[in-house]
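Accompanying notes for the structure given below.
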Amino acid sequence: MTDVYRKLEKAYGGWVGSAPKFMLEPDGRVHHIMYGFQGFMLIARDDLMAQAGLKPPPATWVDMLAYAKKSQQPPRTFGFGIPVSNQTDSNVWEDVMKSYGARLADEAGKRVVLGDYKREVFEFLDYFTEAWKAGVFPPGVATWDNTMNNSTFQAGKAVFALNPITLSLWLEVNNPELLAKTGHYTYPRGPKALIHPVNFGSRSILKYTKVPELAKQFLWDSMEPGKMDREHSVSQWGPVLKTYLSFDVWKKKSFMKGLVEMSLRGEPEGWPDVFNDAWREQATNTTVSRMLQRLVVDSWSRDKAFAETVDVLGKIYGKYA
């Protein structure tokens, strides 16, 4: 589908953000066509921050903790509606850790190198420990499933959540008053980088199709701006072609504007690590969140928790080397 990719790129102003990284293979060929970005955003109670005299959004993770401390009113509201459990929504902590300068594996995605980033990881662990001791987490976050961060924010009990806009689409129907008080932003920065992962929706053609040219025409037609304008107005997808950036839908709602920022600034999931089978397995294993649990649930030292994490990663990546 490389010809469709090039035709769309030329006709509609080029691809947005990291879209080419998702579609272009190392040999320059394309096997699927993206139609939208998706990912987590910083979803925040703008009203509670305003009441505390704060201007959203927090620029850094350290700022976000400071905002959380000042804006929360426990037990009515808590600063961080973020899980620290064995469910995949807890993988946001890997992104925070990487913003401190760490990475899991080498640039080939084969050899674990986290052990070379002990200083950066410990700085991140100190940040997390400070947040835990500050009481900004609601009770039970170490056992939350992937619904609890949604429901906690939707119930008005959290200042911040890291979640896709599905949370806000629910608010639009069920609690528009709370939605009006809610802002949608890209992730804060860490000391070394802004790490904001995104994933995507795409379409492809089955290799054994009997009508390949008709299928390519469908892919071309499916990306027509008028059609995509209507689709974006009722979906959770961010824009992938620059022509789409002019759609009015992005101006109508806070969470739609947030989708544009996410699409422009986000990097492929796992970045700067390679998104491969090893990375996916460790993400399913919630490796970084488990390290945090060792600190605050099991009372392990940083050294012990870090050593276990490096060992677990080594075993996972070793299976795919």
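Each chain in the structure tokens gets a letter, A, B, ..., in the order shown, and its residues are numbered from 1; ligands are numbered from 1 in order too.
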Name all residues at most 12 Å from Ser301 of chain A (count only C-alpha atoms; drop same-chain ones fewer than 4 positions away) and give them as a ChimeraX atom specification. /A:122,125-126,129,291-297,305-308
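We find atom CA of Asn149 of chain A and atom CA of Ala161 of chain A to be spaced 6.7 Å apart.
Using only C-alpha atoms, the nearest neighbour of Arg189 of chain A within the list A:Val112, A:Ile165, A:Met97, A:Leu206 is A:Met97.
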Return as a Markdown table the residues of segment 246-316 of chain A lying at most 12 Å from segment 195-202 of chain A, together with the closest atom-to-atom pair for each and the distance in Å to one decimal, counting only C-alpha atoms, with rows in chain order and ascending residue number.
| residue | atom | partner | partner_atom | distance |
| --- | --- | --- | --- | --- |
| A:Leu259 | CA | A:Val198 | CA | 10.4 |
| A:Val260 | CA | A:Val198 | CA | 11.8 |
| A:Glu261 | CA | A:His196 | CA | 10.5 |
| A:Met262 | CA | A:Val198 | CA | 7.5 |
| A:Ser263 | CA | A:Val198 | CA | 7.6 |
| A:Leu264 | CA | A:Val198 | CA | 10.2 |
| A:Arg265 | CA | A:His196 | CA | 7.3 |
| A:Gly266 | CA | A:His196 | CA | 5.0 |
| A:Glu267 | CA | A:Pro197 | CA | 5.0 |
| A:Pro268 | CA | A:Val198 | CA | 5.4 |
| A:Glu269 | CA | A:Pro197 | CA | 4.6 |
| A:Gly270 | CA | A:Pro197 | CA | 6.8 |
| A:Trp271 | CA | A:Pro197 | CA | 7.0 |
| A:Pro272 | CA | A:Ile195 | CA | 8.4 |
| A:Asp273 | CA | A:Pro197 | CA | 11.0 |
| A:Phe275 | CA | A:Asn199 | CA | 10.8 |
Pick from A:Gln72, A:Gly14, A:Trp93, A:Phe22 nearest to Gly190 of chain A, counting only C-alpha atoms: A:Trp93
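What separates atom CA of Gly53 of chain A from atom CA of Pro139 of chain A is a distance of 26.2 Å.
The coordinates place atom CA of Ala283 of chain A at 12.3 Å from atom CA of Thr309 of chain A.
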Counting only C-alpha atoms, what is within 12 Å of Leu171 of chain A, bar same-chain residues fewer than 5 positions away, as a compact mmCIF listing (two decimals) with N, CA and C atoms, in the first residue's frame?
# COMPACT_ATOMS: atom_id res chain seq x y z
N ILE A 43 -5.93 14.28 32.07
CA ILE A 43 -7.30 14.78 32.26
C ILE A 43 -7.36 15.38 33.65
N ASN A 150 -10.99 5.47 35.76
CA ASN A 150 -12.11 6.13 35.10
C ASN A 150 -13.19 6.51 36.10
N SER A 151 -13.66 5.52 36.84
CA SER A 151 -14.80 5.75 37.72
C SER A 151 -14.48 6.73 38.85
N PHE A 153 -12.40 9.35 38.67
CA PHE A 153 -12.49 10.70 38.13
C PHE A 153 -13.93 11.05 37.81
N GLN A 154 -14.65 10.13 37.20
CA GLN A 154 -16.03 10.40 36.81
C GLN A 154 -16.93 10.66 38.01
N ALA A 155 -16.54 10.14 39.16
CA ALA A 155 -17.29 10.40 40.39
C ALA A 155 -16.87 11.70 41.06
N GLY A 156 -15.92 12.42 40.45
CA GLY A 156 -15.48 13.70 41.00
C GLY A 156 -14.51 13.57 42.15
N ILE A 165 -9.74 9.62 26.00
CA ILE A 165 -10.93 10.47 26.13
C ILE A 165 -12.22 9.68 26.23
N THR A 166 -12.14 8.36 26.26
CA THR A 166 -13.34 7.59 26.55
C THR A 166 -13.93 8.01 27.89
N PRO A 176 -22.32 16.16 32.16
CA PRO A 176 -21.76 17.30 31.42
C PRO A 176 -21.30 18.44 32.33
N GLU A 177 -21.86 18.53 33.52
CA GLU A 177 -21.42 19.58 34.45
C GLU A 177 -19.97 19.36 34.85
N LEU A 178 -19.61 18.11 35.12
CA LEU A 178 -18.22 17.82 35.47
C LEU A 178 -17.31 17.98 34.25
N LEU A 179 -17.78 17.60 33.08
CA LEU A 179 -16.98 17.75 31.86
C LEU A 179 -16.61 19.22 31.64
N ALA A 180 -17.54 20.12 31.93
CA ALA A 180 -17.29 21.56 31.73
C ALA A 180 -16.18 22.06 32.65
N LYS A 181 -15.89 21.34 33.71
CA LYS A 181 -14.86 21.74 34.66
C LYS A 181 -13.53 21.01 34.40
N THR A 182 -13.48 20.23 33.32
CA THR A 182 -12.36 19.32 33.06
C THR A 182 -11.53 19.78 31.87
N PHE A 255 -11.81 18.23 24.96
CA PHE A 255 -11.13 16.95 24.78
C PHE A 255 -10.76 16.70 23.32
Assign secondary structure with DSSP using the backbone only, and return the residues of segment 200-313 of chain A in strand (DSSP E) as number ranges by chain. A: 200-203, 267-268
Keeping only N, CA and C atoms, write those residues as a CSV table (one decimal), in the first residue's frame.
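Full text of selection29.csv as output:
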chain,number,residue,atom,x,y,z
A,200,PHE,N,-2.7,3.7,17.6
A,200,PHE,CA,-3.4,4.1,16.4
A,200,PHE,C,-4.5,3.1,16.0
A,201,GLY,N,-5.3,3.6,15.1
A,201,GLY,CA,-6.2,2.7,14.3
A,201,GLY,C,-5.8,2.7,12.8
A,202,SER,N,-5.9,1.6,12.2
A,202,SER,CA,-5.5,1.6,10.8
A,202,SER,C,-6.3,0.5,10.0
A,203,ARG,N,-6.2,0.6,8.7
A,203,ARG,CA,-6.8,-0.3,7.8
A,203,ARG,C,-5.7,-0.9,6.9
A,267,GLU,N,4.6,10.1,20.7
A,267,GLU,CA,5.6,9.1,20.1
A,267,GLU,C,5.0,7.7,20.2
A,268,PRO,N,5.4,6.8,19.3
A,268,PRO,CA,4.9,5.4,19.3
A,268,PRO,C,5.1,4.8,20.7
Give the answer as one residue: which of A:Thr147, A:Gln217, A:Gln73, A:Ser99 has the shortest atom-to-atom distance to Phe124 of chain A, using only C-alpha atoms? A:Ser99
Mind dumping a table of every segment 186-276 of chain A residue within 10 Å of segment 58-71 of chain A, with the nearest atom pair and its distance in Å to one decimal, using only C-alpha atoms, sorted by chain and rising number, as CSV?
residue,atom,partner,partner_atom,distance
A:Thr186,CA,A:Ala59,CA,9.5
A:Tyr187,CA,A:Thr60,CA,8.2
A:Pro188,CA,A:Thr60,CA,4.4
A:Arg189,CA,A:Thr60,CA,4.5
A:Gly190,CA,A:Thr60,CA,5.8
A:Pro191,CA,A:Thr60,CA,7.9
A:Ala193,CA,A:Thr60,CA,9.9
A:Leu194,CA,A:Thr60,CA,8.9
Next, write the just-selected residues to a file, as a CSV table (one decimal), in the first residue's frame, keeping N, CA and C atoms as the atom set.
chain,number,residue,atom,x,y,z
A,186,THR,N,-1.6,17.3,27.0
A,186,THR,CA,-0.5,16.4,26.9
A,186,THR,C,0.1,16.1,28.2
A,187,TYR,N,0.9,15.0,28.3
A,187,TYR,CA,1.6,14.7,29.5
A,187,TYR,C,2.5,15.8,29.9
A,188,PRO,N,2.8,16.0,31.2
A,188,PRO,CA,3.8,16.9,31.7
A,188,PRO,C,5.2,16.3,31.3
A,189,ARG,N,6.2,17.2,31.3
A,189,ARG,CA,7.6,16.8,31.0
A,189,ARG,C,8.3,16.2,32.2
A,190,GLY,N,9.3,15.4,32.0
A,190,GLY,CA,10.2,15.0,33.1
A,190,GLY,C,11.4,15.8,33.0
A,191,PRO,N,12.4,15.6,33.8
A,191,PRO,CA,13.7,16.3,33.8
A,191,PRO,C,14.4,16.2,32.5
A,193,ALA,N,12.9,14.6,29.4
A,193,ALA,CA,12.1,14.5,28.1
A,193,ALA,C,10.6,14.5,28.4
A,194,LEU,N,9.9,14.8,27.3
A,194,LEU,CA,8.5,14.6,27.3
A,194,LEU,C,8.2,13.3,26.7
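When the distance limit is 9 Å and only C-alpha atoms are what count, the residues near Val16 of chain A, minus those fewer than 4 positions from it on the same chain, are Pro20, Pro239, Val240, Leu241, Lys242, Leu245, Ser263 and Leu264 of chain A.
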